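Working notes for the structure below.
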Amino acid sequence: MLTAAIAAARLDDRREANRLITQAQDIAEQLGDDRNDHWTAFGPTNVRIHATSAAVSLGDPADVIIQGEQVETGNLPDELKGRRSQVYIDMAWAHSQQRNDTAAVLSLMEAERLAPEAVRFHPQARDLIQTALHRSRKNAIPGLDGLAERAGVAA
């Protein structure tokens, strides 16, 4: 259902994406907690992360922020660092769309704290860093230059 929700969002089918997310949320609530049985990474938190990613695919930064602020990444098992960091990359995208580069950089720094490789090798994260670099003056956003350097993004 979660994969289908993302696919529907990428096809700009908000209604179907929301229906699938709601259906997955109902099942996740029955499960009760976040689990990673057989690497399925299913539960209420991962459903909320997918809702956030679906909002990105739908191009809706306001909904990304609403969804992302509801995610408690600490509920996920430790081995799901990539899932934990994804919500912060999605939030960074939303902030960047709203031209709030300071908030975007803070979100990327949190993603990096959780999973450094997720920022260094994620094309969207690297693009967001590049965008913030282009829109800001040198040293205007605390931490941006260091983040760019660690991610291998040229200033």
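By order in the structure tokens, chains are A, B, ...; within a chain, residues start at 1; ligands start at 1, following the order shown.
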Near-Ile141 in chain A list (10 Å; only C-alpha atoms; drop same-chain fewer than 5 positions) as a PDB file with C-alpha atoms, in the first residue's frame:
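As written to disk, result37.pdb reads:
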```pdb
ATOM      1  CA  ASP A 101      16.902  27.957   3.320  1.00  0.00           C
ATOM      2  CA  THR A 102      17.892  28.185   6.982  1.00  0.00           C
ATOM      3  CA  ALA A 103      15.170  25.681   7.930  1.00  0.00           C
ATOM      4  CA  VAL A 105      19.751  23.404   6.053  1.00  0.00           C
ATOM      5  CA  LEU A 106      18.731  22.585   9.636  1.00  0.00           C
ATOM      6  CA  ALA A 132      20.918  26.922  -0.596  1.00  0.00           C
ATOM      7  CA  LEU A 133      24.507  27.719  -1.556  1.00  0.00           C
ATOM      8  CA  SER A 136      22.802  32.572   0.205  1.00  0.00           C
TER       9      SER A 136
END
```
Closest pair table for range 58-138 of chain A residues within 9 Å of range 21-43 of chain A, only C-alpha atoms, as a tab-separated table:
```
residue	atom	partner	partner_atom	distance
A:Asn75	CA	A:Asp34	CA	6.5
A:Leu76	CA	A:Asp34	CA	5.9
A:Pro77	CA	A:Arg35	CA	7.0
A:Glu79	CA	A:Asn36	CA	8.8
A:Leu80	CA	A:Ala41	CA	7.7
A:Arg83	CA	A:Ala41	CA	8.6
```
Item checked: Polymer residues at most 10 Å from Arg84 in chain A, only C-alpha atoms, same-chain spacing of 6 or more positions, as a PyMOL selection string -> chain A and resi 45-46+49+71-78+110-111+114-115+118
Selected residues written out with N, CA and C atoms, as a compact mmCIF listing (two decimals), in the first residue's frame:
```
# COMPACT_ATOMS: atom_id res chain seq x y z
N THR A 45 4.83 5.00 12.28
CA THR A 45 5.84 6.00 11.92
C THR A 45 6.20 5.91 10.45
N ASN A 46 6.40 4.71 9.95
CA ASN A 46 6.77 4.56 8.54
C ASN A 46 5.61 4.98 7.63
N ILE A 49 5.93 8.66 7.46
CA ILE A 49 7.05 9.03 6.60
C ILE A 49 6.63 8.93 5.13
N VAL A 71 5.94 13.18 12.55
CA VAL A 71 6.76 11.96 12.57
C VAL A 71 7.66 11.95 13.80
N GLU A 72 7.63 10.86 14.51
CA GLU A 72 8.53 10.62 15.65
C GLU A 72 9.55 9.59 15.21
N THR A 73 10.66 10.05 14.62
CA THR A 73 11.64 9.11 14.07
C THR A 73 12.25 8.21 15.13
N GLY A 74 12.27 8.64 16.37
CA GLY A 74 12.83 7.84 17.44
C GLY A 74 12.05 6.56 17.70
N ASN A 75 10.83 6.46 17.16
CA ASN A 75 10.03 5.24 17.32
C ASN A 75 10.51 4.10 16.42
N LEU A 76 11.29 4.45 15.39
CA LEU A 76 11.76 3.41 14.46
C LEU A 76 12.94 2.64 15.04
N PRO A 77 13.06 1.38 14.68
CA PRO A 77 14.23 0.61 15.12
C PRO A 77 15.52 1.28 14.65
N ASP A 78 16.58 1.11 15.41
CA ASP A 78 17.86 1.76 15.12
C ASP A 78 18.41 1.45 13.73
N GLU A 110 19.99 17.58 10.39
CA GLU A 110 19.40 16.52 11.20
C GLU A 110 19.42 15.20 10.45
N ALA A 111 19.11 15.22 9.16
CA ALA A 111 19.20 14.01 8.34
C ALA A 111 20.62 13.46 8.36
N LEU A 114 21.52 11.72 11.61
CA LEU A 114 20.93 10.39 11.70
C LEU A 114 21.61 9.39 10.78
N ALA A 115 21.93 9.84 9.57
CA ALA A 115 22.52 8.95 8.57
C ALA A 115 23.34 9.78 7.58
N ALA A 118 23.07 9.19 3.90
CA ALA A 118 21.80 9.54 3.27
C ALA A 118 21.86 10.93 2.65
```
**OP:** Give me, please, the distance in Å between CA of Gln70 in chain A and CA of Gly82 in chain A, quoted to one decimal.
**Re:**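 So the two atoms, CA of Gln70 in chain A and CA of Gly82 in chain A, lie 17.7 Å apart.
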### Query
Hey, which of A:Ser96, A:Pro123, A:Ser57, A:Asp145 ends up closest to Asp12 in chain A? Count only C-alpha atoms.
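Residue with the minimum atom-to-atom distance to Asp12 in chain A: A:Ser57.
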- Query: Looking only at the backbone, which of the residues in chain A does DSSP tag as helix (DSSP H, G or I), as a PyMOL selection string?
  - Reply: chain A and resi 2-10+14-31+37-39+44-57+61-68+73-75+81-97+101-114+116-120+123-135+144-151
Write out as a tab-separated table (two decimals) with N, CA and C atoms, in the first residue's frame which residues come within 7 Å of Ala125 in chain A when counting only C-alpha atoms, dropping same-chain ones fewer than 4 positions away.
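And here is the file that came out, out37.tsv:
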```
chain	number	residue	atom	x	y	z
A	89	ILE	N	14.97	14.95	4.95
A	89	ILE	CA	15.27	15.35	3.58
A	89	ILE	C	14.00	15.90	2.92
A	119	VAL	N	22.59	11.82	3.26
A	119	VAL	CA	22.73	13.17	2.71
A	119	VAL	C	23.81	13.19	1.63
A	129	ILE	N	21.25	21.30	-1.08
A	129	ILE	CA	22.45	21.99	-0.58
A	129	ILE	C	22.94	22.99	-1.62
```
Quote the spacing between CA of Ala62 in chain A and CA of Met109 in chain A in Å to one decimal place.
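Pair CA of Ala62 in chain A / CA of Met109 in chain A returns 20.4 Å.
With only C-alpha atoms as the basis for measurement, A:Trp93 is the residue among A:Lys81, A:Trp93, A:Gln86, A:Arg99 that approaches Val64 in chain A most closely.
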Compile the contact shell of Arg126 in chain A as a PDB file with C-alpha atoms, in the first residue's frame: residues with an atom at most 9 Å away, counting only C-alpha atoms, same-chain residues fewer than 5 positions apart removed.
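Output (around_21.pdb):
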```
ATOM      1  CA  VAL A 119      22.727  13.170   2.711  1.00  0.00           C
ATOM      2  CA  ARG A 120      26.030  12.580   0.947  1.00  0.00           C
ATOM      3  CA  PHE A 121      24.581  10.199  -1.645  1.00  0.00           C
ATOM      4  CA  THR A 131      20.270  25.533  -4.072  1.00  0.00           C
ATOM      5  CA  ALA A 148      28.272  21.176   1.604  1.00  0.00           C
ATOM      6  CA  ALA A 151      28.377  16.072   1.217  1.00  0.00           C
ATOM      7  CA  GLY A 152      30.945  16.785  -1.492  1.00  0.00           C
ATOM      8  CA  VAL A 153      28.882  19.592  -2.999  1.00  0.00           C
TER       9      VAL A 153
END
```
- Message: Report, in Å to a single decimal, how far apart CA of Leu11 in chain A and CA of Ser107 in chain A are.
- Response: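 CA of Ser107 in chain A sits 26.6 Å away from CA of Leu11 in chain A.
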Legend entry - Residue contacts of Ala51 in chain A (9 Å, only C-alpha atoms) excluding same-chain residues fewer than 4 positions away, as a count of residues only: 13
